>>> print(open('start-v8.tsv').read())   # TSV, C-alpha atoms and all ligand atoms
chain	number	residue	atom	x	y	z
K	1	MET	CA	7.00	-7.11	22.17
K	2	ASN	CA	9.08	-4.42	20.58
K	3	VAL	CA	7.49	-3.69	17.19
K	4	LEU	CA	8.85	-1.49	14.39
K	5	MET	CA	6.09	-0.30	12.05
K	6	ILE	CA	6.66	0.93	8.51
K	7	GLY	CA	3.31	2.41	7.44
K	8	GLY	CA	2.00	2.73	11.00
K	9	THR	CA	0.35	6.07	10.21
K	10	GLY	CA	-1.74	4.68	7.32
K	11	PHE	CA	-5.34	3.45	7.29
K	12	LEU	CA	-4.55	-0.14	8.25
K	13	GLY	CA	-1.25	0.58	10.04
K	14	SER	CA	-2.77	3.10	12.46
K	15	HIS	CA	-5.39	0.55	13.57
K	16	ILE	CA	-2.65	-2.02	14.15
K	17	VAL	CA	-0.65	0.50	16.20
K	18	ASP	CA	-3.74	1.39	18.22
K	19	LYS	CA	-4.32	-2.28	19.11
K	20	LEU	CA	-0.65	-2.93	19.84
K	21	ILE	CA	-0.37	-0.10	22.34
K	22	ASP	CA	-3.64	-1.24	23.89
K	23	ARG	CA	-1.97	-4.59	24.51
K	24	ASP	CA	1.08	-2.91	26.03
K	25	HIS	CA	3.50	-3.63	23.23
K	26	ARG	CA	6.23	-1.10	22.59
K	27	VAL	CA	5.72	0.46	19.17
K	28	THR	CA	8.09	2.50	17.01
K	29	VAL	CA	6.70	4.05	13.82
K	30	ILE	CA	8.80	5.28	10.91
K	31	SER	CA	6.95	8.16	9.25
K	32	ARG	CA	7.81	11.04	6.94
K	33	ASN	CA	5.45	13.24	8.92
K	34	PRO	CA	5.22	12.08	12.53
K	35	ASP	CA	3.69	15.31	13.86
K	36	ARG	CA	0.14	14.82	12.64
K	37	LYS	CA	-2.79	13.72	14.78
K	38	MET	CA	-3.46	10.00	14.60
K	39	ILE	CA	-6.31	7.71	15.72
K	40	PHE	CA	-3.98	6.37	18.41
K	41	ASP	CA	-2.39	8.17	21.34
K	42	ASN	CA	0.81	9.61	19.79
K	43	SER	CA	2.42	9.96	23.20
K	44	LYS	CA	2.43	6.16	23.60
K	45	VAL	CA	4.39	5.62	20.40
K	46	ASN	CA	8.01	6.23	19.60
K	47	PHE	CA	8.26	8.02	16.23
K	48	ILE	CA	11.26	8.03	13.95
K	49	LYS	CA	11.13	10.62	11.19
K	50	GLY	CA	12.22	8.79	8.10
K	51	ASP	CA	11.47	7.73	4.56
K	52	ILE	CA	11.35	4.20	3.14
K	53	LEU	CA	13.42	5.46	0.23
K	54	THR	CA	16.29	6.22	2.60
K	55	LEU	CA	15.78	3.56	5.28
K	56	ASN	CA	19.47	2.65	5.16
K	57	GLU	CA	20.34	6.09	6.55
K	58	LEU	CA	18.45	5.48	9.80
K	59	THR	CA	20.21	4.26	12.91
K	60	PHE	CA	18.48	2.19	15.54
K	61	THR	CA	19.60	1.95	19.12
K	62	GLU	CA	17.30	-0.87	20.16
K	63	LYS	CA	16.52	-4.41	19.10
K	64	PHE	CA	13.10	-5.10	17.61
K	65	ASP	CA	11.20	-8.39	17.82
K	66	VAL	CA	9.46	-7.80	14.50
K	67	ILE	CA	9.14	-5.29	11.65
K	68	VAL	CA	5.65	-4.80	10.22
K	69	TYR	CA	5.25	-3.34	6.75
K	70	THR	CA	1.88	-1.77	5.88
K	71	ALA	CA	3.10	1.12	3.74
K	72	MET	CA	1.69	2.02	0.37
K	73	ILE	CA	3.21	4.02	-2.43
K	74	PRO	CA	1.44	7.34	-2.98
K	75	PHE	CA	-0.77	7.45	-6.07
K	76	LYS	CA	-3.94	9.23	-7.10
K	77	PRO	CA	-6.88	7.08	-8.23
K	78	GLY	CA	-7.58	7.59	-11.93
K	79	ARG	CA	-6.03	6.91	-15.31
K	80	ILE	CA	-2.35	6.01	-15.18
K	81	SER	CA	-0.14	6.12	-18.26
K	82	ALA	CA	2.05	3.11	-19.07
K	83	LYS	CA	5.14	5.20	-18.23
K	84	LYS	CA	3.74	6.30	-14.87
K	85	PHE	CA	2.71	2.71	-14.12
K	86	ARG	CA	6.29	1.51	-14.73
K	87	GLN	CA	7.58	4.26	-12.40
K	88	LEU	CA	5.14	3.16	-9.71
K	89	GLN	CA	6.22	-0.46	-10.19
K	90	LEU	CA	9.83	0.58	-9.64
K	91	LEU	CA	8.86	2.57	-6.56
K	92	THR	CA	6.96	-0.43	-5.17
K	93	ARG	CA	10.03	-2.59	-5.70
K	94	THR	CA	12.19	-0.06	-3.86
K	95	TYR	CA	9.73	0.00	-0.94
K	96	PHE	CA	9.81	-3.80	-0.64
K	97	GLU	CA	13.55	-4.16	-1.18
K	98	ASN	CA	14.47	-1.43	1.31
K	99	THR	CA	12.16	-3.00	3.91
K	100	VAL	CA	13.61	-6.47	3.38
K	101	ASN	CA	17.13	-5.06	3.58
K	102	LEU	CA	16.28	-3.37	6.88
K	103	ALA	CA	14.95	-6.67	8.26
K	104	LYS	CA	18.22	-8.32	7.18
K	105	LYS	CA	20.30	-5.54	8.75
K	106	LEU	CA	18.38	-5.73	12.05
K	107	SER	CA	18.17	-9.57	11.91
K	108	CYS	CA	14.48	-9.27	12.51
K	109	PRO	CA	11.36	-11.19	11.45
K	110	LEU	CA	9.24	-9.29	8.92
K	111	VAL	CA	5.46	-9.19	8.55
K	112	LEU	CA	5.01	-8.15	4.94
K	113	THR	CA	1.79	-6.94	3.30
K	114	SER	CA	0.52	-7.55	-0.20
K	115	GLY	CA	-3.13	-8.11	-1.17
K	116	ALA	CA	-5.56	-11.01	-1.65
K	117	SER	CA	-5.39	-10.69	-5.40
K	118	PHE	CA	-6.61	-14.10	-6.56
K	119	GLU	CA	-8.60	-14.52	-9.74
K	120	THR	CA	-11.33	-17.14	-9.61
K	121	VAL	CA	-14.12	-18.22	-11.94
K	122	ARG	CA	-17.65	-19.27	-11.01
K	123	ASN	CA	-17.56	-21.12	-7.68
K	124	GLU	CA	-13.82	-21.53	-7.37
K	125	ILE	CA	-12.48	-20.46	-3.97
K	126	ALA	CA	-8.84	-19.44	-3.74
K	127	ASP	CA	-6.64	-20.18	-0.76
K	128	GLU	CA	-3.03	-19.30	0.12
K	129	HIS	CA	-1.64	-21.88	-2.31
K	130	TRP	CA	-3.03	-20.11	-5.34
K	131	PRO	CA	-0.72	-17.84	-7.35
K	132	LEU	CA	-1.36	-14.13	-6.89
K	133	ALA	CA	-2.98	-12.62	-9.98
K	134	ARG	CA	-0.90	-9.59	-10.82
K	135	LYS	CA	-3.70	-7.86	-12.71
K	136	GLY	CA	-4.76	-4.23	-12.55
K	137	MET	CA	-3.22	-2.29	-9.68
K	138	ALA	CA	-1.94	-5.57	-8.21
K	139	ALA	CA	0.53	-5.58	-11.10
K	140	LEU	CA	2.33	-2.77	-9.26
K	141	GLY	CA	3.53	-5.42	-6.83
K	142	LYS	CA	4.72	-7.86	-9.50
K	143	CYS	CA	8.17	-7.82	-7.90
K	144	TYR	CA	6.67	-9.06	-4.62
K	145	ASP	CA	6.56	-12.72	-5.73
K	146	GLU	CA	10.18	-12.56	-6.89
K	147	ILE	CA	11.33	-10.93	-3.63
K	148	VAL	CA	9.44	-13.44	-1.47
K	149	THR	CA	10.73	-16.39	-3.49
K	150	ASP	CA	14.26	-15.09	-3.02
K	151	ILE	CA	13.80	-14.69	0.75
K	152	LYS	CA	12.48	-18.25	1.01
K	153	LYS	CA	15.15	-19.75	-1.25
K	154	ASN	CA	17.98	-18.13	0.71
K	155	ASN	CA	16.25	-18.28	4.07
K	156	SER	CA	17.43	-14.69	4.43
K	157	ILE	CA	14.85	-13.43	6.95
K	158	PRO	CA	11.99	-14.96	8.95
K	159	LEU	CA	8.94	-13.91	6.91
K	160	ILE	CA	5.18	-13.80	7.49
K	161	GLU	CA	2.93	-12.70	4.63
K	162	MET	CA	-0.40	-10.95	5.09
K	163	LEU	CA	-2.78	-10.73	2.14
K	164	PRO	CA	-5.80	-8.59	3.05
K	165	GLY	CA	-8.91	-8.31	0.92
K	166	GLN	CA	-10.32	-4.87	0.22
K	167	ILE	CA	-10.18	-3.05	3.53
K	168	TYR	CA	-13.22	-1.00	4.48
K	169	GLY	CA	-13.87	1.21	7.47
K	170	ASN	CA	-13.87	4.82	8.52
K	171	GLY	CA	-10.69	5.88	6.76
K	172	GLY	CA	-8.40	5.44	3.81
K	173	MET	CA	-9.92	5.42	0.36
K	174	PHE	CA	-13.14	3.95	1.74
K	175	LEU	CA	-13.84	7.23	3.53
K	176	LYS	CA	-14.71	8.72	0.12
K	177	MET	CA	-17.43	6.09	-0.33
K	178	ILE	CA	-18.83	6.82	3.11
K	179	ASN	CA	-18.78	10.55	2.44
K	180	MET	CA	-20.61	10.01	-0.85
K	181	ALA	CA	-23.16	7.74	0.84
K	182	GLN	CA	-23.72	10.37	3.54
K	183	LYS	CA	-24.40	12.86	0.74
K	184	GLY	CA	-26.96	10.46	-0.73
K	185	ARG	CA	-25.00	8.80	-3.52
K	186	VAL	CA	-23.63	5.31	-4.05
K	187	VAL	CA	-21.90	4.32	-7.26
K	188	ILE	CA	-21.71	0.79	-8.65
K	189	LEU	CA	-18.80	0.47	-11.02
K	190	GLY	CA	-19.58	-1.83	-13.96
K	191	ASN	CA	-22.29	-4.46	-13.55
K	192	GLY	CA	-21.00	-5.28	-10.07
K	193	LYS	CA	-21.49	-9.02	-10.55
K	194	ASN	CA	-17.87	-9.78	-9.69
K	195	TYR	CA	-16.85	-10.79	-6.18
K	196	LEU	CA	-14.08	-9.08	-4.20
K	197	PRO	CA	-12.90	-10.17	-0.74
K	198	ARG	CA	-13.60	-7.64	2.02
K	199	ILE	CA	-12.36	-7.10	5.53
K	200	HIS	CA	-13.27	-4.50	8.12
K	201	VAL	CA	-10.17	-2.53	9.12
K	202	ASP	CA	-10.57	-3.45	12.81
K	203	ASP	CA	-10.67	-7.16	12.03
K	204	CYS	CA	-7.73	-6.83	9.66
K	205	ALA	CA	-5.72	-5.10	12.39
K	206	SER	CA	-6.62	-7.85	14.92
K	207	ALA	CA	-5.31	-10.45	12.49
K	208	TYR	CA	-2.00	-8.56	12.29
K	209	VAL	CA	-1.77	-8.33	16.08
K	210	LEU	CA	-2.11	-12.12	16.30
K	211	ALA	CA	0.50	-12.60	13.57
K	212	ILE	CA	2.85	-10.25	15.45
K	213	GLU	CA	2.34	-11.99	18.79
K	214	LYS	CA	2.52	-15.55	17.42
K	215	LEU	CA	5.10	-15.00	14.67
K	216	PRO	CA	4.11	-17.96	12.47
K	217	ILE	CA	7.28	-17.81	10.39
K	218	GLY	CA	7.03	-18.93	6.75
K	219	LYS	CA	3.22	-18.67	6.65
K	220	ARG	CA	1.05	-16.68	4.28
K	221	PHE	CA	-2.44	-15.56	5.32
K	222	ILE	CA	-5.45	-14.35	3.39
K	223	VAL	CA	-7.24	-11.84	5.62
K	224	CYS	CA	-10.89	-11.52	4.70
K	225	ASP	CA	-14.26	-11.99	6.37
K	226	ASN	CA	-16.44	-15.11	6.26
K	227	GLU	CA	-18.71	-14.22	3.39
K	228	ASN	CA	-17.85	-13.71	-0.25
K	229	VAL	CA	-19.95	-10.89	-1.65
K	230	SER	CA	-20.43	-9.37	-5.08
K	231	VAL	CA	-19.51	-5.72	-5.59
K	232	LYS	CA	-23.15	-4.94	-6.37
K	233	ASP	CA	-24.55	-6.54	-3.20
K	234	PHE	CA	-21.91	-4.80	-1.08
K	235	MET	CA	-22.72	-1.40	-2.56
K	236	LEU	CA	-26.50	-1.94	-2.40
K	237	TYR	CA	-26.22	-2.84	1.28
K	238	LEU	CA	-24.13	0.29	1.87
K	239	ALA	CA	-26.84	2.31	0.09
K	240	GLU	CA	-29.60	0.72	2.17
K	241	LYS	CA	-27.87	1.30	5.50
K	242	PHE	CA	-26.96	4.91	4.69
K	243	LYS	CA	-30.51	5.46	3.40
K	244	VAL	CA	-29.19	6.46	0.00
K	245	LYS	CA	-31.87	7.10	-2.62
K	246	LYS	CA	-29.61	7.47	-5.64
K	247	VAL	CA	-27.65	4.39	-6.72
K	248	ILE	CA	-25.72	5.19	-9.88
K	249	THR	CA	-24.40	2.45	-12.14
K	250	ILE	CA	-21.51	3.35	-14.41
K	251	PRO	CA	-21.43	1.03	-17.44
K	252	LYS	CA	-18.20	-0.90	-17.98
K	253	LEU	CA	-17.28	0.87	-21.20
K	254	ILE	CA	-17.51	4.36	-19.71
K	255	LEU	CA	-15.88	3.19	-16.51
K	256	ARG	CA	-12.83	1.89	-18.35
K	257	LEU	CA	-12.47	5.17	-20.24
K	258	VAL	CA	-12.70	7.25	-17.06
K	259	ILE	CA	-10.54	5.26	-14.67
K	260	GLY	CA	-8.19	3.55	-17.12
K	261	LYS	CA	-7.42	-0.13	-17.50
K	262	HIS	CA	-5.39	-0.66	-14.33
K	263	ILE	CA	-8.00	0.42	-11.81
K	264	TYR	CA	-10.74	-1.00	-14.05
K	265	ASN	CA	-9.11	-4.45	-14.00
K	266	THR	CA	-8.75	-4.27	-10.22
K	267	LEU	CA	-12.36	-3.33	-9.62
K	268	THR	CA	-13.84	-5.82	-12.06
K	269	MET	CA	-11.71	-8.86	-11.22
K	270	ASN	CA	-13.61	-11.81	-9.79
K	271	SER	CA	-12.14	-13.12	-6.58
K	272	LYS	CA	-13.63	-15.54	-4.07
K	273	VAL	CA	-11.31	-16.56	-1.27
K	274	THR	CA	-11.37	-18.42	2.01
K	275	ASN	CA	-10.14	-17.33	5.44
K	276	SER	CA	-9.99	-20.91	6.82
K	277	PHE	CA	-6.23	-20.97	7.14
K	278	ILE	CA	-5.82	-17.87	9.31
K	279	LYS	CA	-8.75	-18.96	11.49
K	280	ASN	CA	-7.20	-22.37	12.10
K	281	GLU	CA	-3.61	-21.26	12.38
K	282	LEU	CA	-3.92	-18.05	14.44
K	283	LEU	CA	-7.31	-18.77	16.03
K	284	TRP	CA	-8.49	-15.48	14.57
K	285	GLN	CA	-12.18	-14.70	14.17
K	286	PRO	CA	-13.55	-11.59	12.54
K	287	PHE	CA	-15.69	-9.52	14.89
K	288	PHE	CA	-17.68	-8.52	11.78
K	289	PRO	CA	-18.32	-11.93	10.17
K	290	SER	CA	-19.62	-10.37	6.97
K	291	TYR	CA	-19.88	-7.02	5.21
K	292	LYS	CA	-23.38	-6.67	6.66
K	293	GLU	CA	-22.29	-6.40	10.29
K	294	GLY	CA	-19.33	-4.24	9.24
K	295	ILE	CA	-21.47	-1.78	7.28
K	296	ASP	CA	-24.12	-1.75	10.05
K	297	ALA	CA	-21.40	-0.58	12.45
K	298	LEU	CA	-20.22	2.12	10.04
K	299	ALA	CA	-23.74	3.41	9.51
K	300	GLU	CA	-24.36	3.63	13.27
K	301	VAL	CA	-21.46	6.06	13.88
K	401	LIG	N1	-6.53	-0.44	1.66
K	401	LIG	C1	-6.86	-1.60	1.10
K	401	LIG	O1	-8.02	-1.86	0.73
K	401	LIG	C2	-5.81	-2.68	0.95
K	401	LIG	C3	-6.16	-3.94	0.44
K	401	LIG	C4	-5.19	-4.93	0.35
K	401	LIG	C5	-3.88	-4.66	0.70
K	401	LIG	N2	-3.55	-3.42	1.15
K	401	LIG	C6	-2.17	-3.16	1.54
K	401	LIG	O2	-2.18	-2.82	2.92
K	401	LIG	C7	-1.17	-1.86	3.18
K	401	LIG	C8	-1.80	-0.67	3.88
K	401	LIG	O3	-2.78	-0.08	3.06
K	401	LIG	P1	-3.45	1.29	3.52
K	401	LIG	O4	-4.69	1.47	2.72
K	401	LIG	O5	-3.53	1.31	5.01
K	401	LIG	O6	-2.34	2.34	3.02
K	401	LIG	P2	-2.23	3.90	3.31
K	401	LIG	O7	-3.28	4.38	4.24
K	401	LIG	O8	-2.11	4.58	1.99
K	401	LIG	O9	-0.82	3.97	4.09
K	401	LIG	C9	0.18	4.70	3.67
K	401	LIG	C10	1.31	4.52	4.69
K	401	LIG	O10	2.51	4.33	3.97
K	401	LIG	C11	3.49	5.17	4.54
K	401	LIG	N3	4.43	5.58	3.50
K	401	LIG	C12	4.18	5.75	2.18
K	401	LIG	N4	5.30	6.15	1.57
K	401	LIG	C13	6.25	6.22	2.51
K	401	LIG	C14	7.62	6.58	2.49
K	401	LIG	N5	8.24	6.94	1.34
K	401	LIG	N6	8.31	6.54	3.64
K	401	LIG	C15	7.71	6.23	4.81
K	401	LIG	N7	6.42	5.86	4.90
K	401	LIG	C16	5.71	5.86	3.75
K	401	LIG	C17	2.73	6.37	5.09
K	401	LIG	O11	3.49	6.95	6.11
K	401	LIG	P3	3.74	8.53	6.28
K	401	LIG	O12	2.81	9.27	5.37
K	401	LIG	O13	3.45	8.79	7.74
K	401	LIG	O14	5.18	8.74	5.96
K	401	LIG	C18	1.48	5.68	5.62
K	401	LIG	O15	1.72	5.22	6.93
K	401	LIG	C19	-0.53	-1.52	1.84
K	401	LIG	O16	0.64	-2.28	1.72
K	401	LIG	C20	-1.56	-1.98	0.83
K	401	LIG	O17	-0.97	-2.37	-0.39
K	401	LIG	C21	-4.47	-2.43	1.30
>>> encode(input="start-v8.tsv", output="structure tokens")
Amino acid sequence: MNVLMIGGTGFLGSHIVDKLIDRDHRVTVISRNPDRKMIFDNSKVNFIKGDILTLNELTFTEKFDVIVYTAMIPFKPGRISAKKFRQLQLLTRTYFENTVNLAKKLSCPLVLTSGASFETVRNEIADEHWPLARKGMAALGKCYDEIVTDIKKNNSIPLIEMLPGQIYGNGGMFLKMINMAQKGRVVILGNGKNYLPRIHVDDCASAYVLAIEKLPIGKRFIVCDNENVSVKDFMLYLAEKFKVKKVITIPKLILRLVIGKHIYNTLTMNSKVTNSFIKNELLWQPFFPSYKEGIDALAEV
């Protein structure tokens, strides 16, 4: 297939590109900085230097079978003022709108990415029918629901939605946690009793490859592994496997002061979800069924 990637140089996107070229798909990546070294073989990818903010200025000479969006607005973790948060919300909207407009212009199916932001209590398990909880950093993508509803109402483009849980692996923001663990420190933020869905980056990328190859138009998929795990258990397992002696717990009150309410609300939200739909629909299976196998693999490297 001929795939156009927006965000193909990012943590998740680069793993998708790597798998796509492995399966002999033709891949074009739009990037602001295409000259840097990637985890995939750059020579097997067609790069277009470009910015999502000015996507309409790009010209394309070929027809794509699908556009895949895995881009993320740039922001530094930490406290964010209300004004800055509004600016980031606007930027997120522009990213989504420009991508959707490109898919319209190229008459192309779009695989769009948001996140598995579902808020559950006690033993509730969310599936794809639940409303997305736009809490914490997920509130940046508040416009997403409106944009998707509009696409569906007007049948404007063939759409597939991917909603990954927290992606872990050797890269992205998770790299910081690995680096800390390698230096002998693991930090549990708050009491860690809340659950957050997790997915190893390799498994997440495989799910995207299946979605790209099968193009299940109109479907929305939660992408997470088989086992719901609390933040505390995840971090303690990471500490055990990296032979970390010092596990630091930062109490909720201090945590909120340091990281601000947006990131605090993201990290302390309780979310149990199921991956049944993507397994049935795309016949996808995670290679790392739970965080344990995933972390074991990271610790072995
Ligand atoms: N990481 C997670 O735990 C997680 C969880 C759930 C959902 N998600 C979603 O999954 C997607 C991928 O996440 P990630 O962690 O892989 O993100 P990431 O590593 O931060 O990826 C950033 C990507 O966005 C591209 N990008 C950003 N601004 C751009 C611009 N103005 N023009 C062109 N490209 C731009 C970058 O391309 P260049 O720098 O090359 O231009 C890069 O490829 C995001 O949509 C995110 O919301 C992530």
>>> closest_residue(input="start-v8.tsv", among="K:Cys224, K:Ile263, K:Met269, K:Ile160", to="Val66 (chain K)", atoms="all atoms listed in the file")
K:Ile160
>>> closest_residue(input="start-v8.tsv", among="K:Leu106, K:Leu196, K:Leu20, K:Ile6", to="ligand LIG 401 (chain K)", atoms="all atoms listed in the file")
K:Ile6
>>> atom_distance(input="start-v8.tsv", atom1="CA of Arg79 (chain K)", atom2="atom O15 of ligand LIG 401 (chain K)")
23.6 Å
>>> atom_distance(input="start-v8.tsv", atom1="CA of Lys261 (chain K)", atom2="CA of Val273 (chain K)")
23.4 Å
>>> atom_distance(input="start-v8.tsv", atom1="atom C20 of ligand LIG 401 (chain K)", atom2="CA of Phe47 (chain K)")
20.8 Å
>>> residues_near_ligand(input="start-v8.tsv", ligand="ligand LIG 401 (chain K)", cutoff="7 Å", atoms="all atoms listed in the file", output="NGL selection string")
:K and (6-13 or 30-34 or 50-53 or 69-74 or 113-116 or 163-168 or 172-173)
>>> residues_around(input="start-v8.tsv", residues="Phe174 (chain K)", least_positions_apart="3", cutoff="12 Å", atoms="only C-alpha atoms", output="list in words")
Phe11, Leu12, Gln166, Ile167, Tyr168, Gly169, Asn170, Gly171, Met177, Ile178, Asn179, Met180, Ala181, Arg198, Ile199, His200, Val201, Met235, Leu238, Ile295 and Leu298 of chain K
>>> residues_around(input="start-v8.tsv", residues="Ser156 (chain K)", least_positions_apart="3", cutoff="12 Å", atoms="all atoms listed in the file", output="MDAnalysis selection string")
chainID K and resid 100:110 147:153 159 218
>>> closest_residue(input="start-v8.tsv", among="K:Glu300, K:Asp18, K:Asp24, K:Asp145", to="Ile39 (chain K)", atoms="only C-alpha atoms")
K:Asp18
>>> build_atoms(input="start-v8.tsv", residues="region 55-63 of chain K", atoms="all heavy atoms", output="compact mmCIF listing (two decimals), in the coordinates of the input")
# COMPACT_ATOMS: atom_id res chain seq x y z
N LEU K 55 15.79 4.33 4.01
CA LEU K 55 15.78 3.56 5.28
C LEU K 55 17.19 3.25 5.76
O LEU K 55 17.45 3.20 6.96
CB LEU K 55 15.05 2.22 5.07
CG LEU K 55 13.53 2.19 5.28
CD1 LEU K 55 13.02 0.78 5.11
CD2 LEU K 55 13.14 2.76 6.63
N ASN K 56 18.10 3.04 4.80
CA ASN K 56 19.47 2.65 5.16
C ASN K 56 20.22 3.75 5.91
O ASN K 56 21.24 3.51 6.53
CB ASN K 56 20.26 2.21 3.92
CG ASN K 56 20.32 3.30 2.87
OD1 ASN K 56 19.48 4.20 2.87
ND2 ASN K 56 21.30 3.26 1.99
N GLU K 57 19.67 4.99 5.85
CA GLU K 57 20.34 6.09 6.55
C GLU K 57 19.94 6.17 8.03
O GLU K 57 20.54 6.92 8.80
CB GLU K 57 19.98 7.43 5.88
CG GLU K 57 20.61 7.56 4.49
CD GLU K 57 20.10 8.79 3.75
OE1 GLU K 57 19.42 9.64 4.35
OE2 GLU K 57 20.39 8.86 2.53
N LEU K 58 18.92 5.41 8.41
CA LEU K 58 18.45 5.48 9.80
C LEU K 58 19.32 4.62 10.71
O LEU K 58 19.80 3.57 10.30
CB LEU K 58 17.00 5.00 9.90
CG LEU K 58 15.94 5.81 9.14
CD1 LEU K 58 14.57 5.17 9.30
CD2 LEU K 58 15.90 7.25 9.63
N THR K 59 19.50 5.11 11.93
CA THR K 59 20.21 4.26 12.91
C THR K 59 19.25 3.91 14.03
O THR K 59 18.40 4.70 14.43
CB THR K 59 21.44 5.00 13.51
OG1 THR K 59 21.04 6.32 13.84
CG2 THR K 59 22.61 5.02 12.56
N PHE K 60 19.38 2.69 14.50
CA PHE K 60 18.48 2.19 15.54
C PHE K 60 19.31 1.80 16.75
O PHE K 60 20.34 1.14 16.61
CB PHE K 60 17.68 0.99 15.01
CG PHE K 60 16.86 1.31 13.80
CD1 PHE K 60 17.38 1.15 12.52
CD2 PHE K 60 15.57 1.79 13.94
CE1 PHE K 60 16.62 1.46 11.40
CE2 PHE K 60 14.80 2.10 12.82
CZ PHE K 60 15.33 1.94 11.55
N THR K 61 18.82 2.22 17.90
CA THR K 61 19.60 1.95 19.12
C THR K 61 19.04 0.76 19.89
O THR K 61 19.59 0.36 20.88
CB THR K 61 19.59 3.20 20.03
OG1 THR K 61 18.23 3.62 20.15
CG2 THR K 61 20.45 4.31 19.46
N GLU K 62 17.88 0.25 19.43
CA GLU K 62 17.30 -0.87 20.16
C GLU K 62 17.04 -2.06 19.26
O GLU K 62 17.09 -1.95 18.03
CB GLU K 62 15.99 -0.45 20.84
CG GLU K 62 14.98 0.15 19.90
CD GLU K 62 13.80 0.77 20.66
OE1 GLU K 62 13.21 0.06 21.47
OE2 GLU K 62 13.50 1.94 20.40
N LYS K 63 16.76 -3.19 19.87
CA LYS K 63 16.52 -4.41 19.10
C LYS K 63 15.00 -4.62 19.01
O LYS K 63 14.30 -4.54 20.01
CB LYS K 63 17.20 -5.59 19.80
CG LYS K 63 16.98 -6.90 19.09
CD LYS K 63 18.20 -7.81 19.10
CE LYS K 63 17.91 -9.13 18.38
NZ LYS K 63 17.43 -8.96 17.02
